[in-house]
file final10.tsv (TSV, C-alpha atoms and all ligand atoms)
chain	number	residue	atom	x	y	z
A	1	MET	CA	96.45	77.00	69.66
A	2	ALA	CA	95.15	74.75	66.89
A	3	PHE	CA	94.19	75.09	63.24
A	4	GLU	CA	91.72	72.90	61.33
A	5	SER	CA	91.37	72.98	57.55
A	6	SER	CA	90.83	69.40	56.36
A	7	CYS	CA	87.49	70.02	54.65
A	8	ASP	CA	85.29	73.11	54.31
A	9	GLU	CA	85.50	74.50	57.85
A	10	THR	CA	88.29	76.98	58.58
A	11	ALA	CA	88.80	76.87	62.34
A	12	VAL	CA	91.11	78.22	65.03
A	13	ALA	CA	90.90	77.41	68.75
A	14	ILE	CA	92.81	78.02	71.95
A	15	VAL	CA	92.41	75.32	74.59
A	16	GLU	CA	94.11	74.86	77.95
A	17	VAL	CA	94.39	71.45	79.57
A	18	ASN	CA	95.88	71.19	83.04
A	19	ASP	CA	95.42	69.07	86.15
A	20	ASN	CA	92.23	70.95	87.02
A	21	GLY	CA	90.53	70.21	83.73
A	22	THR	CA	89.97	71.64	80.29
A	23	HIS	CA	89.23	75.23	79.43
A	24	ILE	CA	88.19	76.41	75.97
A	25	HIS	CA	89.57	79.96	75.64
A	26	ALA	CA	88.57	80.49	72.01
A	27	ASN	CA	86.59	78.62	69.36
A	28	GLN	CA	86.44	80.35	65.97
A	29	ILE	CA	84.88	78.63	62.96
A	30	TYR	CA	84.15	79.86	59.48
A	31	SER	CA	81.95	77.44	57.51
A	32	GLN	CA	82.59	77.85	53.81
A	33	PHE	CA	78.97	77.72	52.79
A	34	ASP	CA	78.85	80.54	50.22
A	35	GLU	CA	82.02	79.30	48.52
A	36	HIS	CA	80.62	75.87	47.67
A	37	VAL	CA	76.83	76.31	47.45
A	38	GLU	CA	76.76	76.84	43.69
A	39	TYR	CA	78.62	73.54	43.15
A	40	GLY	CA	76.35	71.52	45.46
A	41	GLY	CA	79.38	70.13	47.32
A	42	VAL	CA	82.92	70.89	48.50
A	43	VAL	CA	85.43	71.80	45.75
A	44	PRO	CA	88.92	71.05	47.19
A	45	GLU	CA	90.80	73.83	45.35
A	46	VAL	CA	88.17	76.43	46.29
A	47	ALA	CA	88.30	75.23	49.92
A	48	ALA	CA	92.11	75.55	50.08
A	49	ARG	CA	92.04	79.11	48.74
A	50	ALA	CA	89.34	80.09	51.22
A	51	HIS	CA	91.32	78.59	54.16
A	52	LEU	CA	94.27	80.70	53.11
A	53	SER	CA	92.29	83.94	53.20
A	54	TYR	CA	90.38	83.19	56.44
A	55	PHE	CA	93.16	82.02	58.77
A	56	ASP	CA	94.58	85.51	59.42
A	57	PRO	CA	91.29	87.14	60.52
A	58	LEU	CA	90.15	84.04	62.45
A	59	THR	CA	93.46	83.79	64.32
A	60	LYS	CA	93.17	87.41	65.34
A	61	LYS	CA	89.59	86.83	66.50
A	62	ALA	CA	90.67	83.77	68.50
A	63	LEU	CA	93.39	85.75	70.30
A	64	ASP	CA	90.87	88.54	71.00
A	65	GLU	CA	88.29	86.06	72.28
A	66	ALA	CA	90.88	84.53	74.64
A	67	ASN	CA	92.28	87.93	75.53
A	68	MET	CA	95.76	86.60	74.73
A	69	SER	CA	98.69	87.29	72.47
A	70	PHE	CA	100.92	84.78	70.63
A	71	GLU	CA	103.39	84.97	73.54
A	72	ASP	CA	100.78	83.30	75.78
A	73	ILE	CA	100.56	80.21	73.57
A	74	ASP	CA	102.48	77.10	74.76
A	75	ALA	CA	102.35	75.12	71.51
A	76	PHE	CA	100.89	75.29	68.01
A	77	ALA	CA	98.94	72.38	66.54
A	78	ALA	CA	97.19	71.65	63.28
A	79	THR	CA	95.33	68.87	61.56
A	80	ALA	CA	97.96	66.90	59.64
A	81	GLY	CA	95.39	64.60	57.99
A	82	PRO	CA	93.37	62.75	56.94
A	83	GLY	CA	91.51	65.15	54.67
A	84	LEU	CA	91.71	67.13	51.44
A	85	LEU	CA	95.45	67.64	51.16
A	86	GLY	CA	95.38	71.14	49.63
A	87	GLY	CA	93.35	72.40	52.58
A	88	VAL	CA	95.24	70.41	55.23
A	89	MET	CA	98.50	71.97	53.99
A	90	ILE	CA	97.24	75.50	54.65
A	91	GLY	CA	96.55	75.05	58.38
A	92	PHE	CA	99.52	72.73	58.76
A	93	MET	CA	102.01	75.26	57.34
A	94	TYR	CA	100.32	78.07	59.25
A	95	ALA	CA	100.89	76.29	62.57
A	96	LYS	CA	104.45	75.29	61.67
A	97	SER	CA	105.29	78.89	60.76
A	98	LEU	CA	103.97	80.19	64.08
A	99	SER	CA	105.81	77.48	65.95
A	100	MET	CA	109.05	78.48	64.21
A	101	ALA	CA	108.47	82.21	64.66
A	102	PHE	CA	107.67	81.97	68.39
A	103	ASP	CA	110.03	79.05	69.11
A	104	LYS	CA	107.26	76.89	70.59
A	105	PRO	CA	106.57	73.17	69.99
A	106	PHE	CA	104.52	71.97	67.03
A	107	ILE	CA	102.02	69.09	67.08
A	108	GLY	CA	100.57	67.57	63.90
A	109	THR	CA	97.23	66.06	64.89
A	110	ASN	CA	95.07	63.33	63.38
A	111	HIS	CA	91.67	64.80	62.49
A	112	LEU	CA	89.84	61.57	63.33
A	113	GLU	CA	91.51	61.45	66.73
A	114	GLY	CA	90.06	64.91	67.33
A	115	HIS	CA	86.56	63.59	66.61
A	116	ALA	CA	87.23	60.44	68.62
A	117	LEU	CA	88.24	62.41	71.74
A	118	THR	CA	85.41	64.98	71.61
A	119	PRO	CA	83.04	63.00	73.89
A	120	HIS	CA	85.88	62.80	76.41
A	121	LEU	CA	86.58	66.52	76.10
A	122	THR	CA	82.98	67.47	76.80
A	123	GLY	CA	82.94	65.72	80.15
A	124	ASP	CA	80.96	62.85	81.48
A	125	ILE	CA	82.20	60.08	79.23
A	126	GLU	CA	85.18	57.94	80.17
A	127	PHE	CA	87.15	55.49	78.03
A	128	PRO	CA	86.30	53.06	76.52
A	129	TYR	CA	83.38	53.95	74.24
A	130	LEU	CA	82.11	53.27	70.75
A	131	LEU	CA	81.76	56.28	68.48
A	132	LEU	CA	79.60	56.43	65.36
A	133	LEU	CA	81.00	59.33	63.35
A	134	VAL	CA	78.56	60.48	60.67
A	135	SER	CA	79.12	63.60	58.57
A	136	GLY	CA	79.69	64.80	55.02
A	137	GLY	CA	83.18	63.32	55.08
A	138	HIS	CA	83.00	60.47	57.59
A	139	CYS	CA	80.86	57.41	58.19
A	140	GLN	CA	82.48	54.90	60.50
A	141	TYR	CA	82.61	53.27	63.91
A	142	ILE	CA	85.61	53.99	66.09
A	143	HIS	CA	86.30	51.95	69.21
A	144	VAL	CA	87.95	54.50	71.51
A	145	LYS	CA	89.74	52.26	73.99
A	146	ASP	CA	92.06	54.79	75.58
A	147	LEU	CA	94.13	57.83	74.63
A	148	ALA	CA	96.06	56.94	71.45
A	149	ASN	CA	94.45	53.51	71.37
A	150	TYR	CA	91.75	53.42	68.71
A	151	GLU	CA	90.30	50.82	66.40
A	152	THR	CA	88.33	51.68	63.31
A	153	LEU	CA	85.52	49.18	62.98
A	154	GLY	CA	84.04	49.24	59.54
A	155	GLY	CA	82.88	52.23	57.65
A	156	THR	CA	81.35	53.16	54.36
A	157	ILE	CA	82.59	51.42	51.24
A	158	ASP	CA	81.29	54.25	49.03
A	159	ASP	CA	79.66	57.55	50.10
A	160	ALA	CA	79.64	59.08	53.57
A	161	ILE	CA	76.07	59.32	54.90
A	162	GLY	CA	76.07	63.14	54.79
A	163	GLU	CA	76.96	62.93	51.10
A	164	ALA	CA	74.06	60.53	50.56
A	165	PHE	CA	71.68	63.01	52.26
A	166	ASP	CA	73.11	65.83	50.12
A	167	LYS	CA	72.75	63.83	46.89
A	168	VAL	CA	69.18	62.74	47.61
A	169	ALA	CA	68.36	66.36	48.46
A	170	LYS	CA	69.78	67.43	45.11
A	171	MET	CA	67.56	64.86	43.34
A	172	LEU	CA	64.58	66.46	45.10
A	173	ASP	CA	65.74	69.95	44.03
A	174	LEU	CA	66.59	70.93	47.60
A	175	PRO	CA	69.58	73.24	48.24
A	176	TYR	CA	72.96	72.23	49.72
A	177	PRO	CA	73.60	71.12	52.47
A	178	GLY	CA	70.71	68.73	51.99
A	179	GLY	CA	70.54	66.90	55.33
A	180	PRO	CA	68.55	69.52	57.25
A	181	GLN	CA	66.29	70.05	54.19
A	182	ILE	CA	65.49	66.35	53.95
A	183	GLU	CA	64.73	66.25	57.67
A	184	LYS	CA	62.33	69.20	57.34
A	185	LEU	CA	60.57	67.84	54.25
A	186	ALA	CA	60.29	64.40	55.87
A	187	GLU	CA	58.12	65.84	58.66
A	188	LYS	CA	55.25	66.10	56.18
A	189	GLY	CA	55.82	62.69	54.63
A	190	ASP	CA	54.80	59.08	55.23
A	191	LYS	CA	57.95	57.15	56.12
A	192	PHE	CA	56.38	53.86	55.05
A	193	ALA	CA	55.22	55.10	51.64
A	194	TYR	CA	58.27	53.70	49.84
A	195	LYS	CA	60.40	50.70	50.58
A	196	PHE	CA	64.07	51.24	49.85
A	197	PRO	CA	66.82	48.60	50.14
A	198	LEU	CA	68.90	48.10	53.29
A	199	PRO	CA	72.37	47.54	51.77
A	200	LEU	CA	74.68	45.03	53.55
A	201	LYS	CA	71.86	44.42	56.06
A	202	ASP	CA	72.92	40.92	57.03
A	203	LYS	CA	76.64	41.39	56.85
A	204	GLY	CA	79.17	43.06	59.16
A	205	ILE	CA	79.26	46.71	60.15
A	206	ASP	CA	80.38	48.33	56.91
A	207	PHE	CA	77.99	50.74	55.21
A	208	SER	CA	77.12	51.18	51.54
A	209	PHE	CA	74.82	53.93	50.34
A	210	SER	CA	75.23	53.90	46.56
A	211	GLY	CA	72.52	51.23	46.02
A	212	LEU	CA	70.12	53.11	48.27
A	213	LYS	CA	70.81	56.33	46.37
A	214	THR	CA	70.22	54.63	43.01
A	215	SER	CA	66.96	53.19	44.28
A	216	VAL	CA	65.78	56.65	45.39
A	217	ARG	CA	66.80	58.08	42.01
A	218	GLN	CA	64.81	55.37	40.17
A	219	ARG	CA	61.74	56.18	42.26
A	220	ILE	CA	62.04	59.87	41.52
A	221	LEU	CA	62.41	59.21	37.78
A	222	ASN	CA	59.45	56.82	37.72
A	223	GLU	CA	57.07	58.99	39.71
A	224	ASP	CA	54.98	61.95	38.71
A	225	LEU	CA	56.23	63.95	41.69
A	226	ASP	CA	53.95	66.25	43.65
A	227	ASP	CA	54.73	67.86	47.01
A	228	GLN	CA	53.31	64.94	49.00
A	229	LYS	CA	55.31	62.34	47.08
A	230	ARG	CA	58.52	64.37	47.53
A	231	ALA	CA	57.89	64.47	51.28
A	232	ASP	CA	57.11	60.72	51.27
A	233	ILE	CA	60.40	59.99	49.50
A	234	ALA	CA	62.36	62.16	51.97
A	235	ALA	CA	60.65	60.47	54.94
A	236	SER	CA	61.14	56.96	53.55
A	237	PHE	CA	64.82	57.62	52.78
A	238	GLN	CA	65.41	58.97	56.30
A	239	GLU	CA	63.59	55.99	57.84
A	240	THR	CA	65.76	53.61	55.81
A	241	VAL	CA	68.92	55.31	57.09
A	242	ALA	CA	67.59	55.04	60.67
A	243	GLN	CA	67.04	51.31	60.21
A	244	ILE	CA	70.53	50.84	58.75
A	245	PHE	CA	72.08	52.68	61.71
A	246	GLU	CA	70.08	50.61	64.21
A	247	ILE	CA	71.08	47.30	62.63
A	248	LYS	CA	74.77	48.18	62.25
A	249	SER	CA	75.12	49.89	65.62
A	250	LYS	CA	73.60	46.93	67.49
A	251	ARG	CA	76.11	44.67	65.77
A	252	ALA	CA	79.04	47.02	66.51
A	253	ILE	CA	78.05	47.26	70.19
A	254	GLU	CA	77.84	43.47	70.48
A	255	GLN	CA	81.18	43.07	68.74
A	256	THR	CA	83.01	45.49	71.05
A	257	GLY	CA	81.12	44.82	74.29
A	258	VAL	CA	81.16	48.54	75.19
A	259	ASN	CA	78.83	50.14	77.74
A	260	THR	CA	78.80	53.58	76.12
A	261	PHE	CA	77.73	54.56	72.61
A	262	VAL	CA	78.33	58.03	71.18
A	263	VAL	CA	77.07	59.55	67.95
A	264	ALA	CA	78.84	62.61	66.49
A	265	GLY	CA	79.23	64.55	63.23
A	266	GLY	CA	76.91	66.80	61.23
A	267	VAL	CA	74.38	64.04	60.53
A	268	ALA	CA	74.01	63.51	64.30
A	269	ALA	CA	71.96	66.73	64.19
A	270	ASN	CA	69.14	64.66	62.70
A	271	LYS	CA	66.51	64.29	65.41
A	272	LEU	CA	65.00	61.06	64.11
A	273	LEU	CA	68.38	59.33	63.80
A	274	ARG	CA	69.44	60.51	67.25
A	275	ALA	CA	66.18	59.39	68.86
A	276	ARG	CA	66.33	55.96	67.26
A	277	LEU	CA	69.93	55.37	68.36
A	278	GLU	CA	69.10	56.57	71.85
A	279	LYS	CA	66.16	54.15	72.04
A	280	MET	CA	68.35	51.32	70.77
A	281	CYS	CA	70.87	52.05	73.57
A	282	GLU	CA	68.07	52.13	76.15
A	283	GLU	CA	66.94	48.69	75.01
A	284	LYS	CA	70.48	47.39	75.32
A	285	SER	CA	70.87	49.13	78.74
A	286	ILE	CA	73.96	51.05	77.69
A	287	THR	CA	74.75	54.76	77.99
A	288	PHE	CA	73.98	56.97	75.01
A	289	ALA	CA	75.74	60.31	74.42
A	290	ALA	CA	75.81	62.93	71.70
A	291	PRO	CA	78.26	65.84	72.16
A	292	PRO	CA	76.94	69.36	71.45
A	293	LEU	CA	76.79	69.86	67.72
A	294	LYS	CA	79.20	72.77	67.76
A	295	LEU	CA	81.95	70.45	68.98
A	296	CYS	CA	81.07	67.33	67.00
A	297	THR	CA	81.09	68.92	63.54
A	298	ASP	CA	84.51	69.97	62.25
A	299	ASN	CA	86.20	72.42	64.64
A	300	ALA	CA	89.67	73.27	65.99
A	301	VAL	CA	88.85	72.74	69.69
A	302	MET	CA	88.99	68.98	69.18
A	303	ILE	CA	92.36	69.33	67.41
A	304	ALA	CA	93.74	71.49	70.23
A	305	TYR	CA	92.43	69.03	72.83
A	306	ALA	CA	93.99	65.98	71.15
A	307	ALA	CA	97.27	67.91	70.73
A	308	ALA	CA	97.21	69.02	74.38
A	309	LEU	CA	96.76	65.46	75.63
A	310	HIS	CA	99.68	64.30	73.50
A	311	SER	CA	101.85	67.19	74.67
A	312	ARG	CA	101.09	66.30	78.30
A	313	MET	CA	102.58	62.89	77.54
A	314	GLY	CA	105.64	64.69	76.16
A	315	LYS	CA	104.76	63.85	72.56
A	316	PHE	CA	105.44	66.56	69.99
A	317	SER	CA	106.01	66.53	66.21
A	318	GLU	CA	109.08	67.42	64.22
A	319	LEU	CA	108.78	70.48	61.98
A	320	SER	CA	109.80	68.12	59.17
A	321	MET	CA	106.57	66.12	59.63
A	322	ALA	CA	104.65	65.67	56.37
A	323	ALA	CA	100.88	66.09	56.02
A	324	ARG	CA	99.01	62.85	55.38
A	325	PRO	CA	95.92	62.70	53.17
A	326	ARG	CA	95.34	59.19	54.57
A	327	TRP	CA	96.22	58.45	58.19
A	328	PRO	CA	94.45	55.51	59.86
A	329	LEU	CA	93.81	55.95	63.58
A	330	GLU	CA	95.61	52.69	64.27
A	331	GLU	CA	98.87	54.33	63.14
A	332	ILE	CA	98.86	57.04	65.83
A	401	LIG	O1	80.20	67.48	60.25
A	401	LIG	P1	79.67	68.37	59.19
A	401	LIG	O2	79.08	69.69	59.57
A	401	LIG	O3	80.75	68.71	58.12
A	401	LIG	C1	81.56	67.90	57.38
A	401	LIG	O4	81.17	66.79	56.96
A	401	LIG	O5	82.66	68.39	57.13
A	401	LIG	O6	78.56	67.52	58.39
A	401	LIG	C2	77.88	68.07	57.30
A	401	LIG	C3	76.94	67.00	56.76
A	401	LIG	C4	76.26	67.44	55.47
A	401	LIG	O7	76.33	66.36	54.54
A	401	LIG	C5	74.83	67.70	55.92
A	401	LIG	O8	73.87	67.48	54.90
A	401	LIG	C6	74.66	66.72	57.05
A	401	LIG	O9	75.91	66.75	57.72
A	401	LIG	N1	73.60	67.13	57.97
A	401	LIG	C7	72.48	66.41	58.19
A	401	LIG	C8	71.68	67.18	59.08
A	401	LIG	N2	72.35	68.33	59.37
A	401	LIG	C9	73.54	68.28	58.69
A	401	LIG	N3	72.08	65.23	57.72
A	401	LIG	C10	70.88	64.76	58.11
A	401	LIG	N4	70.05	65.45	58.93
A	401	LIG	C11	70.41	66.65	59.45
A	401	LIG	N5	69.58	67.30	60.25
A	402	ZN	ZN	85.60	65.77	60.41

call {"tool": "encode", "arguments": {"input": "final10.tsv", "output": "structure tokens"}}
result
Amino acid sequence: MAFESSCDETAVAIVEVNDNGTHIHANQIYSQFDEHVEYGGVVPEVAARAHLSYFDPLTKKALDEANMSFEDIDAFAATAGPGLLGGVMIGFMYAKSLSMAFDKPFIGTNHLEGHALTPHLTGDIEFPYLLLLVSGGHCQYIHVKDLANYETLGGTIDDAIGEAFDKVAKMLDLPYPGGPQIEKLAEKGDKFAYKFPLPLKDKGIDFSFSGLKTSVRQRILNEDLDDQKRADIAASFQETVAQIFEIKSKRAIEQTGVNTFVVAGGVAANKLLRARLEKMCEEKSITFAAPPLKLCTDNAVMIAYAAALHSRMGKFSELSMAARPRWPLEEI
């Protein structure tokens, strides 16, 4: 049984991994949308308080969904980092308490490892693969070589891409979360109407979105905006992001020499971005995969799965383990 609380999703899952495969017995998620909407983004203290009040009811729901009681659980796991520490601590202490109360092992799991293993959990994909993780909190390439063997290859040097979508949406007076709103508005726009910069285009596989954001802001300030121009800006911004992802992903694939490319995270819901990455993989004759959205945005199934694989190797955590706001995958 695993608990996830590193950002604004409160999640509890029960997963069984044995020699016959993986079975998801329960997957409960509460997305703290109402709590943060008035702030236009996640407020860490508000998130932590909400995690605290939602874990009890969600845990009960998870046990009901699995038709189990605490006695049926073999081990308790929780995200130990990286993430917003106040929130991480809530799920982390919750799992430790249950582990102590029921005298079962505890496993502190790396949140990024959960994301990294999701394509493996959902089936067809075998190690090694290259994962592009794009959400409100993450924007990076992870070379998933094997279980507990990961290499982070570049990432954003400022905002995560989901944040950039949310901020541009805010500039266009669209509500939070802005990604889906931008995608919808862009359908009516001309994606070549505006030319925005492609930051770090010729260099490496790191991302930077602050210059792009500033450029969009300047455009908005300098224009007499009508509905068409707003749609054109949304479409041009989205097209620019697609081009950035194509350029960087090609480079990352060449650098790693992988045959499988996976995109995951909330931003992977974007149909244009998905389609462009899929086409890029087709051209390079490599396999493209995108796990179902429910499992590639923040959830506790991925935490339970990572913990289960570690436990099958006999690796558990001490109850004295400390939560880690920063925890590079290379240190697992
Ligand atoms: O993985 P996720 O659900 O949560 C966390 O980051 O914790 O990702 C949420 C992010 C938000 O920034 C949201 O605006 C973005 O994913 N997003 C999208 C789309 N759907 C969600 N961005 C672009 N296009 C979308 N269709
Ligand atoms: Zn995440």

call {"tool": "closest_atom_pairs", "arguments": {"input": "final10.tsv", "of": "stretch 184-237 of chain A", "to": "stretch 251-275 of chain A", "cutoff": "12 Å", "atoms": "all atoms listed in the file", "output": "Markdown table"}}
result
| residue | atom | partner | partner_atom | distance |
| --- | --- | --- | --- | --- |
| A:Lys184 | CA | A:Asn270 | CA | 9.8 |
| A:Ala186 | CA | A:Leu272 | CA | 10.1 |
| A:Glu187 | CA | A:Leu272 | CA | 10.0 |
| A:Lys191 | CA | A:Leu272 | CA | 11.4 |
| A:Lys201 | CA | A:Arg251 | CA | 10.6 |
| A:Asp202 | CA | A:Arg251 | CA | 10.0 |
| A:Lys203 | CA | A:Arg251 | CA | 9.5 |
| A:Gly204 | CA | A:Arg251 | CA | 7.5 |
| A:Ile205 | CA | A:Ala252 | CA | 6.4 |
| A:Asp206 | CA | A:Ala252 | CA | 9.8 |
| A:Phe207 | CA | A:Ala252 | CA | 11.9 |
| A:Ala235 | CA | A:Leu272 | CA | 10.2 |
| A:Ser236 | CA | A:Leu272 | CA | 12.0 |
| A:Phe237 | CA | A:Leu273 | CA | 11.7 |

call {"tool": "closest_atom_pairs", "arguments": {"input": "final10.tsv", "of": "chain A", "to": "ligand LIG 401 (chain A)", "cutoff": "6 Å", "atoms": "only C-alpha atoms and all ligand atoms", "output": "tab-separated table"}}
result
residue	atom	partner	partner_atom	distance
A:Cys7	CA	A:LIG401	O5	5.7
A:Ser135	CA	A:LIG401	O6	4.0
A:Gly136	CA	A:LIG401	O4	3.1
A:Gly137	CA	A:LIG401	O4	4.4
A:Gly162	CA	A:LIG401	O7	3.2
A:Glu163	CA	A:LIG401	O7	4.9
A:Phe165	CA	A:LIG401	O8	5.6
A:Asp166	CA	A:LIG401	O8	5.1
A:Pro177	CA	A:LIG401	O8	4.4
A:Gly178	CA	A:LIG401	O8	4.5
A:Gly179	CA	A:LIG401	N3	3.3
A:Pro180	CA	A:LIG401	N5	3.9
A:Glu183	CA	A:LIG401	N4	5.5
A:Gly265	CA	A:LIG401	O1	4.3
A:Gly266	CA	A:LIG401	O6	3.4
A:Val267	CA	A:LIG401	N3	3.8
A:Ala269	CA	A:LIG401	N5	4.6
A:Asn270	CA	A:LIG401	N5	3.6
A:Thr297	CA	A:LIG401	O1	3.7
A:Asp298	CA	A:LIG401	O1	5.4

call {"tool": "write_last_selection", "arguments": {"input": "final10.tsv", "atoms": "C-alpha atoms", "output": "PDB file, in the coordinates of the input"}}
result
ATOM      1  CA  CYS A   7      87.490  70.020  54.650  1.00  0.00           C
ATOM      2  CA  SER A 135      79.120  63.600  58.570  1.00  0.00           C
ATOM      3  CA  GLY A 136      79.690  64.800  55.020  1.00  0.00           C
ATOM      4  CA  GLY A 137      83.180  63.320  55.080  1.00  0.00           C
ATOM      5  CA  GLY A 162      76.070  63.140  54.790  1.00  0.00           C
ATOM      6  CA  GLU A 163      76.960  62.930  51.100  1.00  0.00           C
ATOM      7  CA  PHE A 165      71.680  63.010  52.260  1.00  0.00           C
ATOM      8  CA  ASP A 166      73.110  65.830  50.120  1.00  0.00           C
ATOM      9  CA  PRO A 177      73.600  71.120  52.470  1.00  0.00           C
ATOM     10  CA  GLY A 178      70.710  68.730  51.990  1.00  0.00           C
ATOM     11  CA  GLY A 179      70.540  66.900  55.330  1.00  0.00           C
ATOM     12  CA  PRO A 180      68.550  69.520  57.250  1.00  0.00           C
ATOM     13  CA  GLU A 183      64.730  66.250  57.670  1.00  0.00           C
ATOM     14  CA  GLY A 265      79.230  64.550  63.230  1.00  0.00           C
ATOM     15  CA  GLY A 266      76.910  66.800  61.230  1.00  0.00           C
ATOM     16  CA  VAL A 267      74.380  64.040  60.530  1.00  0.00           C
ATOM     17  CA  ALA A 269      71.960  66.730  64.190  1.00  0.00           C
ATOM     18  CA  ASN A 270      69.140  64.660  62.700  1.00  0.00           C
ATOM     19  CA  THR A 297      81.090  68.920  63.540  1.00  0.00           C
ATOM     20  CA  ASP A 298      84.510  69.970  62.250  1.00  0.00           C
TER      21      ASP A 298
END

call {"tool": "closest_residue", "arguments": {"input": "final10.tsv", "among": "A:Ala308, A:Ala148, A:Val301, A:Ile29", "to": "A:Phe127", "atoms": "all atoms listed in the file"}}
result
A:Ala148

call {"tool": "closest_residue", "arguments": {"input": "final10.tsv", "among": "A:Asn110, A:Thr59, A:Thr79, A:Gln181", "to": "A:Ser5", "atoms": "all atoms listed in the file"}}
result
A:Thr79

call {"tool": "atom_distance", "arguments": {"input": "final10.tsv", "atom1": "atom CA of A:Glu4", "atom2": "atom CA of A:Gly108"}}
result
10.6 Å

call {"tool": "atom_distance", "arguments": {"input": "final10.tsv", "atom1": "atom CA of A:Pro292", "atom2": "atom CA of A:Leu133"}}
result
13.5 Å

call {"tool": "closest_residue", "arguments": {"input": "final10.tsv", "among": "A:Thr156, A:Ser285, A:Thr118, A:Ser210", "to": "ligand ZN 402 (chain A)", "atoms": "all atoms listed in the file"}}
result
A:Thr118

call {"tool": "residues_around", "arguments": {"input": "final10.tsv", "residues": "A:Thr109", "least_positions_apart": "4", "cutoff": "10 Å", "atoms": "all atoms listed in the file", "output": "VMD selection string"}}
result
chain A and resid 2 to 4 77 to 82 92 113 to 114 302 to 308 310 316 to 317 323 332

call {"tool": "atom_distance", "arguments": {"input": "final10.tsv", "atom1": "atom CA of A:His25", "atom2": "atom CA of A:Ala66"}}
result
4.9 Å

call {"tool": "build_atoms", "arguments": {"input": "final10.tsv", "residues": "stretch 188-192 of chain A", "atoms": "all heavy atoms", "output": "mmCIF file, keeping the file's coordinate frame"}}
result
data_model
loop_
_atom_site.group_PDB
_atom_site.id
_atom_site.type_symbol
_atom_site.label_atom_id
_atom_site.label_comp_id
_atom_site.auth_asym_id
_atom_site.auth_seq_id
_atom_site.Cartn_x
_atom_site.Cartn_y
_atom_site.Cartn_z
ATOM 1 N N LYS A 188 56.589 66.109 56.800
ATOM 2 C CA LYS A 188 55.250 66.100 56.180
ATOM 3 C C LYS A 188 54.983 64.808 55.420
ATOM 4 O O LYS A 188 53.949 64.665 54.777
ATOM 5 C CB LYS A 188 55.149 67.279 55.201
ATOM 6 C CG LYS A 188 55.195 68.631 55.876
ATOM 7 C CD LYS A 188 55.048 69.742 54.824
ATOM 8 C CE LYS A 188 56.031 70.854 55.066
ATOM 9 N NZ LYS A 188 56.703 71.356 53.886
ATOM 10 N N GLY A 189 55.952 63.883 55.458
ATOM 11 C CA GLY A 189 55.820 62.690 54.630
ATOM 12 C C GLY A 189 55.469 61.432 55.409
ATOM 13 O O GLY A 189 55.559 61.388 56.637
ATOM 14 N N ASP A 190 55.081 60.402 54.660
ATOM 15 C CA ASP A 190 54.800 59.080 55.230
ATOM 16 C C ASP A 190 56.060 58.232 55.071
ATOM 17 O O ASP A 190 56.460 57.915 53.949
ATOM 18 C CB ASP A 190 53.610 58.467 54.481
ATOM 19 C CG ASP A 190 53.385 57.015 54.856
ATOM 20 O OD1 ASP A 190 54.068 56.519 55.778
ATOM 21 O OD2 ASP A 190 52.520 56.376 54.220
ATOM 22 N N LYS A 191 56.659 57.851 56.194
ATOM 23 C CA LYS A 191 57.950 57.150 56.120
ATOM 24 C C LYS A 191 57.827 55.715 55.632
ATOM 25 O O LYS A 191 58.824 55.051 55.365
ATOM 26 C CB LYS A 191 58.677 57.216 57.461
ATOM 27 C CG LYS A 191 57.984 56.531 58.597
ATOM 28 C CD LYS A 191 58.800 56.719 59.862
ATOM 29 C CE LYS A 191 58.122 56.051 61.037
ATOM 30 N NZ LYS A 191 58.830 56.230 62.279
ATOM 31 N N PHE A 192 56.566 55.227 55.562
ATOM 32 C CA PHE A 192 56.380 53.860 55.050
ATOM 33 C C PHE A 192 55.846 53.850 53.623
ATOM 34 O O PHE A 192 55.460 52.803 53.099
ATOM 35 C CB PHE A 192 55.454 53.074 55.992
ATOM 36 C CG PHE A 192 56.012 52.968 57.393
ATOM 37 C CD1 PHE A 192 55.349 53.547 58.472
ATOM 38 C CD2 PHE A 192 57.223 52.311 57.614
ATOM 39 C CE1 PHE A 192 55.870 53.451 59.758
ATOM 40 C CE2 PHE A 192 57.758 52.220 58.899
ATOM 41 C CZ PHE A 192 57.083 52.794 59.966
#
